[in-house]
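Working notes, structure below.
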Amino acid sequence: MTLQLTPYLMMNGNANEAIQFYEQALDAKLVFKQSFGEMPENPEFPMPAEAKNLVSHAMLKIGDSDMMFSDTFPGQSTQSGDQVTVCITSEDAENSKRIFEALQQGGQVKMPFQETFFSPGYGIVKDKFGVTFQIFTQGKQ
């Protein structure tokens with residue numbers, strides 16, 4: 001079983017600024033960046049204009065490591081303890097689900113584990129110690 005742990009920084013509207021800062025400060029390379037406006041449209045949940053240019057997901061390569069970023073969606077904000085989360089990446093949705101269910105014991109589900117447009121299995125859970133994990137299954141659906 002291969003697992004990868006990656007720090008994921010949740011920003012309050014300044015992810016682009018943070019990405020530029022870390023590119024210079026840490027000699028990082030931008031691997032991927034997508035705005036909320038570039039995501040597939042959902043007619044049931046229209047995209048507010050103020051969200052379109054915010055970062056929905058980005059990744060920097062820093063040496064041999066990755067760091068991921070996202071802005072919070074308008075109306076949401078980060079709280080102390082939530083700004084930095086740990087993204088656990090697995091290649092198997094069943095393994096991802098097992099990890100998600102184990103971490104939710106005594107914790108709080110922030111986003112149920114489910115198939116998304118970007119992952120065959122993804123969810124967010126805060127464990128009983130207050131640490132927030134994003135469980136991400138890598139691979140095609």
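Residues are named by chain letter and number: chains run A, B, ... in the order of the structure tokens, numbers start at 1 in each chain, and ligands are numbered from 1 in the order shown.
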If DSSP is run on the backbone, what residues of stretch 13-96 of chain A are strand (DSSP E)? A reply as a PyMOL selection string would be ideal. chain A and resi 29-35+55-62+65-71+84-90
Quick one: residues within 12 Å of stretch 100-112 of chain A, only C-alpha atoms, excluding same-chain residues fewer than 6 positions away - as a list in words? Asp82, Cys87, Ile88, Thr89, Ser90, Ala93, Glu94, Gly121, Tyr122, Gly123, Ile124, Val125, Lys126, Asp127, Lys128, Phe129, Gly130, Val131, Thr132, Phe133, Gln134, Ile135, Phe136 and Thr137 of chain A
Store the residues picked out above in a file with C-alpha atoms, as a CSV table (one decimal), in the first residue's frame.
```csv
chain,number,residue,atom,x,y,z
A,82,ASP,CA,-8.0,24.4,9.8
A,87,CYS,CA,-3.9,15.4,2.3
A,88,ILE,CA,-3.6,11.6,2.3
A,89,THR,CA,-3.3,10.3,-1.2
A,90,SER,CA,-4.0,6.7,-2.0
A,93,ALA,CA,-10.7,4.1,-3.3
A,94,GLU,CA,-11.5,1.2,-0.9
A,121,GLY,CA,-13.0,8.8,-3.8
A,122,TYR,CA,-12.6,12.0,-1.8
A,123,GLY,CA,-13.6,13.3,1.6
A,124,ILE,CA,-12.6,15.7,4.4
A,125,VAL,CA,-12.6,14.7,8.1
A,126,LYS,CA,-11.4,16.4,11.3
A,127,ASP,CA,-10.2,13.7,13.7
A,128,LYS,CA,-10.8,13.5,17.4
A,129,PHE,CA,-7.6,15.5,18.0
A,130,GLY,CA,-8.8,18.4,15.8
A,131,VAL,CA,-6.5,17.6,12.8
A,132,THR,CA,-8.2,18.0,9.4
A,133,PHE,CA,-7.4,15.4,6.8
A,134,GLN,CA,-8.3,15.4,3.1
A,135,ILE,CA,-8.5,11.8,1.8
A,136,PHE,CA,-7.8,11.8,-1.9
A,137,THR,CA,-7.9,8.8,-4.3
```
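From atom CA of A:Gln24 back to atom CA of A:Val84, the distance works out to 20.1 Å.
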How would you write, as a list in words, the set of residues in stretch 19-94 of chain A that DSSP gives as alpha helix (DSSP H)? Ile19, Gln20, Phe21, Tyr22, Glu23, Gln24, Ala25, Ala93 and Glu94 of chain A
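Interatomic distance, atom CA of A:Pro43 to atom CA of A:Phe113: 22.2 Å.
Among A:Ala49, A:Ile62, A:Met67, A:Leu54, the residue with the shortest atom-to-atom distance to A:Asn14, counting only C-alpha atoms, is A:Leu54.
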